[in-house]
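J.: Pasting coords22.txt below, which is compact mmCIF, C-alpha atoms.
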```txt
# COMPACT_ATOMS: atom_id res chain seq x y z
CA MET I 621 0.00 0.00 0.00
CA ASP I 622 2.88 2.40 0.76
CA GLY I 623 4.34 1.75 -2.70
CA ILE I 624 1.02 2.47 -4.38
CA ALA I 625 0.50 5.70 -2.44
CA SER I 626 4.08 6.81 -3.13
CA ALA I 627 3.78 6.09 -6.86
CA LEU I 628 0.55 8.06 -7.10
CA GLY I 629 1.92 10.93 -5.04
CA ASP I 630 3.53 12.54 -8.08
CA GLY I 631 1.26 14.73 -10.19
CA ALA I 632 2.68 13.50 -13.50
CA ARG I 633 2.23 9.85 -12.58
CA TRP I 634 -1.31 10.54 -11.41
CA ARG I 635 -2.07 12.12 -14.80
CA ILE I 636 -0.62 9.08 -16.58
CA VAL I 637 -2.89 6.77 -14.58
CA GLU I 638 -5.87 8.98 -15.43
CA LEU I 639 -5.03 8.67 -19.14
CA LEU I 640 -4.52 4.92 -18.91
CA ALA I 641 -7.85 4.57 -17.12
CA GLU I 642 -9.48 5.64 -20.39
CA ARG I 643 -7.61 3.04 -22.50
CA PRO I 644 -4.13 1.52 -22.97
CA ARG I 645 -1.65 3.92 -24.51
CA SER I 646 1.89 3.90 -25.86
CA VAL I 647 4.80 5.73 -24.27
CA GLY I 648 4.86 8.22 -27.11
CA GLU I 649 1.16 8.99 -26.82
CA LEU I 650 1.45 9.46 -23.06
CA ALA I 651 4.43 11.77 -23.52
CA GLU I 652 2.50 13.87 -26.00
CA LEU I 653 -0.62 14.11 -23.82
CA THR I 654 1.27 14.95 -20.62
CA GLY I 655 3.79 17.34 -22.19
CA LEU I 656 6.68 15.30 -20.81
CA ARG I 657 9.75 14.13 -22.68
CA GLN I 658 9.64 10.45 -23.60
CA PRO I 659 12.51 9.41 -21.25
CA GLN I 660 10.70 11.09 -18.35
CA THR I 661 7.48 9.34 -19.29
CA THR I 662 9.28 5.99 -19.41
CA LYS I 663 10.74 6.52 -15.91
CA HIS I 664 7.31 7.38 -14.51
CA LEU I 665 5.82 4.27 -16.12
CA GLN I 666 8.58 2.13 -14.65
CA THR I 667 7.78 3.48 -11.18
CA LEU I 668 4.08 2.76 -11.70
CA ALA I 669 4.94 -0.75 -12.94
CA ARG I 670 7.07 -1.50 -9.87
CA ALA I 671 4.07 -0.54 -7.72
CA GLY I 672 1.89 -2.94 -9.73
CA LEU I 673 -0.26 -0.13 -11.09
CA VAL I 674 0.46 -0.65 -14.78
CA THR I 675 1.44 -3.50 -17.07
CA VAL I 676 3.54 -3.14 -20.23
CA PHE I 677 2.72 -4.95 -23.48
CA PRO I 678 5.64 -4.99 -25.95
CA LEU I 679 4.08 -4.87 -29.44
CA GLY I 680 6.95 -5.01 -31.88
CA GLN I 681 8.71 -1.66 -31.72
CA ARG I 682 5.94 -0.16 -29.55
CA ARG I 683 5.43 -0.51 -25.84
CA VAL I 684 1.84 -0.09 -24.76
CA TYR I 685 0.85 0.33 -21.12
CA ALA I 686 -2.43 -0.58 -19.43
CA VAL I 687 -3.59 0.24 -15.92
CA GLU I 688 -4.15 -2.55 -13.38
CA PRO I 689 -7.40 -2.09 -11.41
CA ALA I 690 -6.62 -4.39 -8.45
CA PRO I 691 -4.12 -2.09 -6.66
CA LEU I 692 -6.42 0.88 -7.19
CA ASN I 693 -9.34 -1.10 -5.78
CA ALA I 694 -7.23 -1.97 -2.74
CA LEU I 695 -6.32 1.69 -2.28
CA ALA I 696 -9.96 2.75 -2.68
CA HIS I 697 -10.99 0.19 -0.07
CA ARG I 698 -8.38 1.48 2.37
CA LEU I 699 -9.45 5.07 1.76
CA ARG I 700 -13.08 4.13 2.43
CA GLU I 701 -11.96 2.56 5.71
CA LEU I 702 -10.12 5.75 6.66
CA VAL I 703 -13.13 7.91 5.82
CA GLY I 704 -15.32 5.59 7.90
CA ALA I 705 -12.94 5.90 10.86
CA ILE I 706 -12.88 9.69 10.52
CA GLU I 707 -16.67 9.86 10.44
CA ALA I 708 -16.97 7.48 13.40
CA HIS I 709 -14.69 9.71 15.48
CA GLU I 710 -15.74 13.11 14.18
CA GLY I 711 -16.76 14.02 17.74
CA GLU I 712 -13.06 14.11 18.67
CA ARG I 713 -12.49 16.97 16.25
CA ASP I 714 -15.52 18.80 17.64
CA VAL I 715 -14.11 18.43 21.16
CA LEU I 716 -10.79 19.89 19.99
CA SER I 717 -12.54 22.82 18.32
CA ARG I 718 -14.51 23.62 21.47
CA TYR I 719 -11.38 23.34 23.58
CA ARG I 720 -9.53 25.74 21.27
CA ALA I 721 -12.38 28.25 21.52
CA THR I 722 -12.41 27.97 25.33
CA ILE I 723 -8.65 28.51 25.49
CA ASP I 724 -9.01 31.73 23.49
CA VAL I 725 -11.68 33.01 25.90
CA ASP I 726 -9.71 32.07 29.02
CA PHE I 727 -6.44 33.51 27.74
CA ALA I 728 -8.23 36.81 27.23
CA ALA I 729 -9.66 36.67 30.77
CA ALA I 730 -6.42 35.61 32.49
CA ASP I 731 -5.09 39.12 33.03
CA ARG I 732 -4.29 38.82 36.75
CA GLU I 733 -3.64 36.28 39.49
CA ARG I 734 -6.71 34.47 40.88
CA TRP I 735 -8.62 35.50 37.76
CA ALA I 736 -10.76 32.30 37.80
CA ASP I 737 -11.11 31.75 41.56
CA GLY I 738 -14.58 30.54 42.43
CA ARG I 739 -15.40 29.16 38.99
CA THR I 740 -17.55 26.04 39.34
CA PHE I 741 -18.23 22.94 37.28
CA SER I 742 -20.61 20.03 37.71
CA PHE I 743 -20.76 16.59 36.12
CA GLU I 744 -23.06 13.61 36.39
CA ARG I 745 -22.94 10.02 35.22
CA VAL I 746 -25.01 6.90 35.91
CA LEU I 747 -22.97 3.72 36.24
CA PRO I 748 -24.61 0.29 35.99
CA VAL I 749 -23.07 -1.10 39.19
CA PRO I 750 -23.63 -0.71 42.97
CA ARG I 751 -22.04 2.17 44.87
CA ASP I 752 -19.37 0.04 46.53
CA VAL I 753 -18.06 -0.96 43.09
CA VAL I 754 -17.91 2.66 41.94
CA TRP I 755 -16.15 3.55 45.19
CA ARG I 756 -13.45 0.97 44.45
CA PHE I 757 -12.80 2.61 41.09
CA TRP I 758 -11.84 5.76 43.00
CA GLY I 759 -9.90 4.17 45.84
CA ASP I 760 -8.06 1.25 44.21
CA PRO I 761 -4.87 2.62 42.53
CA ASP I 762 -4.96 0.12 39.65
CA LEU I 763 -8.63 0.72 38.91
CA LEU I 764 -8.17 4.48 39.27
CA ALA I 765 -5.27 4.45 36.81
CA SER I 766 -7.41 2.57 34.28
CA TRP I 767 -9.59 5.62 33.63
CA TRP I 768 -8.27 8.80 35.30
CA ALA I 769 -6.45 10.41 32.36
CA PRO I 770 -7.60 12.07 29.14
CA PRO I 771 -7.10 10.24 25.82
CA SER I 772 -3.48 10.06 24.61
CA MET I 773 -2.18 10.45 28.16
CA ALA I 774 -0.36 7.68 30.06
CA VAL I 775 -0.77 7.53 33.84
CA THR I 776 2.57 7.26 35.66
CA ASP I 777 1.44 7.80 39.27
CA CYS I 778 -2.08 7.62 40.61
CA VAL I 779 -3.23 7.48 44.23
CA LEU I 780 -6.40 8.47 46.05
CA GLU I 781 -6.45 7.21 49.65
CA PRO I 782 -10.15 7.23 50.65
CA LYS I 783 -9.70 8.43 54.23
CA PRO I 784 -9.49 11.88 55.87
CA GLY I 785 -5.97 13.18 55.30
CA GLY I 786 -5.30 10.59 52.62
CA ARG I 787 -3.00 11.48 49.75
CA VAL I 788 -4.26 12.30 46.28
CA VAL I 789 -1.73 12.14 43.45
CA LEU I 790 -2.28 12.15 39.72
CA GLU I 791 0.64 12.21 37.33
CA TYR I 792 0.46 11.50 33.64
CA ARG I 793 2.54 12.20 30.57
CA ASP I 794 2.34 12.48 26.83
CA ALA I 795 4.86 13.22 24.10
CA GLU I 796 4.95 16.87 25.18
CA GLY I 797 5.79 16.43 28.86
CA ARG I 798 4.78 15.37 32.36
CA TYR I 799 1.84 16.72 34.35
CA ARG I 800 1.46 16.27 38.10
CA SER I 801 -1.22 17.13 40.65
CA GLU I 802 -1.20 16.60 44.43
CA GLY I 803 -3.76 17.01 47.19
CA ARG I 804 -5.53 15.61 50.25
CA VAL I 805 -8.80 13.88 51.05
CA HIS I 806 -11.07 15.78 53.46
CA THR I 807 -14.15 13.55 53.66
CA ALA I 808 -14.50 9.84 52.91
CA ASN I 809 -17.85 8.31 53.84
CA LYS I 810 -17.88 4.98 52.02
CA PRO I 811 -19.72 4.52 49.67
CA GLU I 812 -21.65 7.78 49.69
CA HIS I 813 -19.43 10.83 49.79
CA LEU I 814 -15.88 11.78 48.89
CA VAL I 815 -14.33 15.26 49.17
CA PHE I 816 -10.75 16.11 48.21
CA ASP I 817 -8.49 18.88 46.94
CA LEU I 818 -6.10 18.50 44.05
CA SER I 819 -3.55 21.15 43.04
CA VAL I 820 -2.14 21.18 39.52
CA LEU I 821 1.60 21.84 39.68
CA ASP I 822 3.78 23.58 37.15
CA ALA I 823 7.21 22.33 36.01
CA ALA I 824 8.86 23.92 39.06
CA GLY I 825 6.40 22.31 41.48
CA ALA I 826 4.44 25.50 42.20
CA VAL I 827 0.63 25.48 42.31
CA SER I 828 -1.04 26.58 39.07
CA PHE I 829 -4.51 26.22 40.56
CA THR I 830 -6.36 24.06 43.07
CA GLY I 831 -9.51 22.09 42.41
CA HIS I 832 -11.92 21.30 45.25
CA TYR I 833 -13.88 18.15 44.45
CA ASP I 834 -17.12 16.97 46.02
CA LEU I 835 -18.42 13.58 44.88
CA ALA I 836 -21.76 12.07 45.84
CA PHE I 837 -22.67 8.47 45.05
CA ALA I 838 -26.44 7.84 45.10
CA ALA I 839 -28.07 4.43 44.70
CA VAL I 840 -30.59 4.48 41.83
CA GLN I 841 -32.56 1.83 39.99
CA ASP I 842 -30.00 1.53 37.21
CA GLY I 843 -26.99 1.38 39.56
CA THR I 844 -25.20 4.46 40.90
CA ARG I 845 -25.60 8.12 40.08
CA LEU I 846 -22.27 9.92 40.41
CA GLN I 847 -22.47 13.67 40.90
CA LEU I 848 -19.22 15.61 40.83
CA GLY I 849 -19.01 19.23 41.90
CA LEU I 850 -15.80 21.19 41.40
CA HIS I 851 -14.73 24.72 42.21
CA ILE I 852 -11.29 26.18 41.71
CA THR I 853 -9.05 28.54 43.66
CA GLU I 854 -5.43 29.79 43.62
CA THR I 855 -5.58 30.32 39.88
CA THR I 856 -2.50 31.74 38.18
CA VAL I 857 -2.33 33.42 34.80
CA GLU I 858 -0.33 30.47 33.48
CA ALA I 859 -3.17 28.09 34.41
CA ALA I 860 -5.43 29.37 31.61
CA PRO I 861 -5.01 26.38 29.24
CA TYR I 862 -5.56 23.91 32.09
CA ILE I 863 -8.71 25.64 33.29
CA ALA I 864 -9.97 25.87 29.72
CA GLY I 865 -9.66 22.08 29.52
CA ILE I 866 -11.50 21.21 32.74
CA GLU I 867 -14.93 20.71 31.21
CA THR I 868 -13.66 18.74 28.24
CA GLY I 869 -11.12 16.78 30.28
CA TRP I 870 -13.46 15.73 33.06
CA GLY I 871 -16.13 14.86 30.53
CA GLN I 872 -13.68 12.52 28.84
CA VAL I 873 -12.33 10.88 31.99
CA LEU I 874 -15.82 10.26 33.37
CA ASP I 875 -16.71 8.63 30.07
CA ASN I 876 -13.55 6.55 30.58
CA LEU I 877 -14.86 5.61 34.04
CA VAL I 878 -18.18 4.44 32.62
CA ALA I 879 -16.38 2.34 30.01
CA ALA I 880 -13.95 0.89 32.60
CA VAL I 881 -16.81 -0.05 34.93
CA GLN I 882 -18.68 -1.74 32.11
CA THR I 883 -15.58 -3.66 31.00
CA ASN I 884 -14.86 -4.77 34.55
CA ARG I 885 -18.47 -5.83 34.94
CA LYS I 886 -18.32 -8.05 31.82
CA GLU I 887 -15.01 -9.60 32.86
CA SER I 888 -16.36 -10.35 36.33
CA SER I 889 -19.54 -11.99 35.03
CA PRO I 890 -19.54 -15.80 35.19
```
What is this structure when it is put down as structure tokens?
T.:
Amino acid sequence: MDGIASALGDGARWRIVELLAERPRSVGELAELTGLRQPQTTKHLQTLARAGLVTVFPLGQRRVYAVEPAPLNALAHRLRELVGAIEAHEGERDVLSRYRATIDVDFAAADRERWADGRTFSFERVLPVPRDVVWRFWGDPDLLASWWAPPSMAVTDCVLEPKPGGRVVLEYRDAEGRYRSEGRVHTANKPEHLVFDLSVLDAAGAVSFTGHYDLAFAAVQDGTRLQLGLHITETTVEAAPYIAGIETGWGQVLDNLVAAVQTNRKESSP
């Protein structure tokens, strides 16, 4: 497939294939129609032949080339697969566009320290498992690490000790760098209520902003309703891109939690 794509990546070779799609043609005819010199045309045809895109028919003193449909059909099939994948994940692009717009707004607003103090967010999800199972997904380090990071991020350190004074640590990385947050648990009433702080740290270890999280786990007919309230303090000017990503990021990680719970549920079923 790489050879086919590479061969078709040249404009002159693409034009030759277009002409051969109409009917087989000689080297001289192709040279005349493309405006190329005959040696150039021959080299392009040789490249197309090596990729399996054309076949040569020596006819006495003439060499006539014909296009081969099979490689083009394979390429068309692969392109249709790519288009299908793009359409299936078009929401990812929408998320990125919204995030970019939010960053622009927050950069304009971040003109002083504590510019976003008091800003609040709220999230809700219903998970198809009892509250004690959901609680474990917050308190068990391995389960927590399975969902508590946005897409494309790899968790490198993840702890939430569900007890008053317990540590909260979230560290993840991507190709651009490492991101670390630290905090403490204030309230842990299993399996109903969890309150903790988490400060996002900059590269020097200073606080960029602090999030204050209040989680309620309510038993409902379909399982557990998780309600997450968040307000932020200690905001710095440099925190603007992080704060702009809170709504998108937490939306994604809570979707990850739902998926992780469902996967765990299936694996645990007899």
J.: Please, what distance in Å, to one decimal, runs between CA of His806 (chain I) and CA of Arg787 (chain I)?
T.: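 Straight-line distance from CA of His806 (chain I) to CA of Arg787 (chain I) works out to 9.9 Å.
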J.: Which residue out of I:Trp768, I:Asp622, I:Leu848, I:Thr868 has the minimum interatomic distance to Arg698 (chain I) when all atoms listed in the file are used?
T.: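 Looking only at the distances to Arg698 (chain I), the closest residue turns out to be I:Asp622.
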J.: Which one of I:Ile863, I:Ala625, I:Val820, I:Leu640 sits closest to Ala696 (chain I) if you count only C-alpha atoms?
T.: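 Ranked by minimum distance to Ala696 (chain I), first place goes to I:Ala625.
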J.: What's around Thr722 (chain I) at 12 Å? Count all atoms listed in the file, leave out sequence neighbours fewer than 5 positions away in its own chain, and write the answer as JSON, numbers by chain.
T.: {"I": [715, 716, 717, 727, 728, 729, 860, 861, 862, 863, 864, 865, 866, 867, 868]}
J.: Can you pull out the residues contacting region 670-678 of chain I? Cut-off 6 Å, using only C-alpha atoms, and skip same-chain residues under 5 positions away; I want them as a list of chain:residue names.
T.: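 Result of the neighbour search: I:Gly623, I:Ile624, I:Arg683, I:Val684, I:Tyr685, I:Ala686, I:Val687, I:Glu688.
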J.: Between I:Gly843, I:Gly825, I:Pro691, I:Gly704, which one has atoms that come closest to Val878 (chain I), using all atoms listed in the file?
T.: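 Using all atoms listed in the file, the shortest distance to Val878 (chain I) belongs to I:Gly843.
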J.: What would the list of residues within 8 Å of (-3.7, 1.6, 45.3) (file frame) look like as a ChimeraX atom specification, if all atoms listed in the file are what count?
T.: /I:759-762,778-781
J.: Please produce a file of the residues just selected, as a PDB file, in the coordinates of the input, where the atoms kept are C-alpha atoms.
T.:
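File produced: out.pdb:
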```pdb
ATOM      1  CA  GLY I 759      -9.900   4.170  45.840  1.00  0.00           C
ATOM      2  CA  ASP I 760      -8.060   1.250  44.210  1.00  0.00           C
ATOM      3  CA  PRO I 761      -4.870   2.620  42.530  1.00  0.00           C
ATOM      4  CA  ASP I 762      -4.960   0.120  39.650  1.00  0.00           C
ATOM      5  CA  CYS I 778      -2.080   7.620  40.610  1.00  0.00           C
ATOM      6  CA  VAL I 779      -3.230   7.480  44.230  1.00  0.00           C
ATOM      7  CA  LEU I 780      -6.400   8.470  46.050  1.00  0.00           C
ATOM      8  CA  GLU I 781      -6.450   7.210  49.650  1.00  0.00           C
TER       9      GLU I 781
END
```
J.: What separation in Å, quoted to one decimal, exists between CA of Ala736 (chain I) and CA of Arg720 (chain I)?
T.: 17.8 Å
J.: Scan for residues within 10 Å of the point (-17.0, 0.8, 44.8) in the coordinates of the file, using all atoms listed in the file, and reply as a list of chain:residue names.
T.: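 Checking each residue against the 10 Å limit leaves I:Val749, I:Pro750, I:Arg751, I:Asp752, I:Val753, I:Val754, I:Trp755, I:Arg756, I:Phe757, I:Trp758, I:Gly759, I:Asp760, I:Lys810, I:Pro811, I:Glu812, I:Phe837, I:Thr844, I:Val881.
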J.: Residues near Gln872 (chain I), anyone? I mean within 9 Å using all atoms listed in the file, not counting same-chain ones fewer than 4 positions away, as a list of chain:residue names.
T.: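 Neighbouring residues, sequence-local ones excluded: I:Ala769, I:Pro770, I:Pro771, I:Glu867, I:Thr868, I:Asn876, I:Leu877.
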J.: Would you mind exporting C-alpha atoms of the selected residues as a compact mmCIF listing (two decimals), in the coordinates of the input?
T.:
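File produced: again31.txt:
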```
# COMPACT_ATOMS: atom_id res chain seq x y z
CA ALA I 769 -6.45 10.41 32.36
CA PRO I 770 -7.60 12.07 29.14
CA PRO I 771 -7.10 10.24 25.82
CA GLU I 867 -14.93 20.71 31.21
CA THR I 868 -13.66 18.74 28.24
CA ASN I 876 -13.55 6.55 30.58
CA LEU I 877 -14.86 5.61 34.04
```
J.: Taking all atoms listed in the file into account, which of I:Phe816, I:Tyr792, I:Trp767, I:Tyr719 comes nearest Asp875 (chain I)?
T.: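 Checking each of I:Phe816, I:Tyr792, I:Trp767, I:Tyr719 against Asp875 (chain I), counting all atoms listed in the file, the winner is I:Trp767.
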J.: Please define a box with edges along x, y and z of the file around all atoms of region 791-798 of chain I given in the file, extend it by 4 Å on each side, and return its centre and edge lengths in Å to one decimal, as lines of an AutoDock Vina configuration file.
T.:
```
center_x = 3.1
center_y = 14.2
center_z = 30.7
size_x = 13.3
size_y = 13.4
size_z = 21.2
```
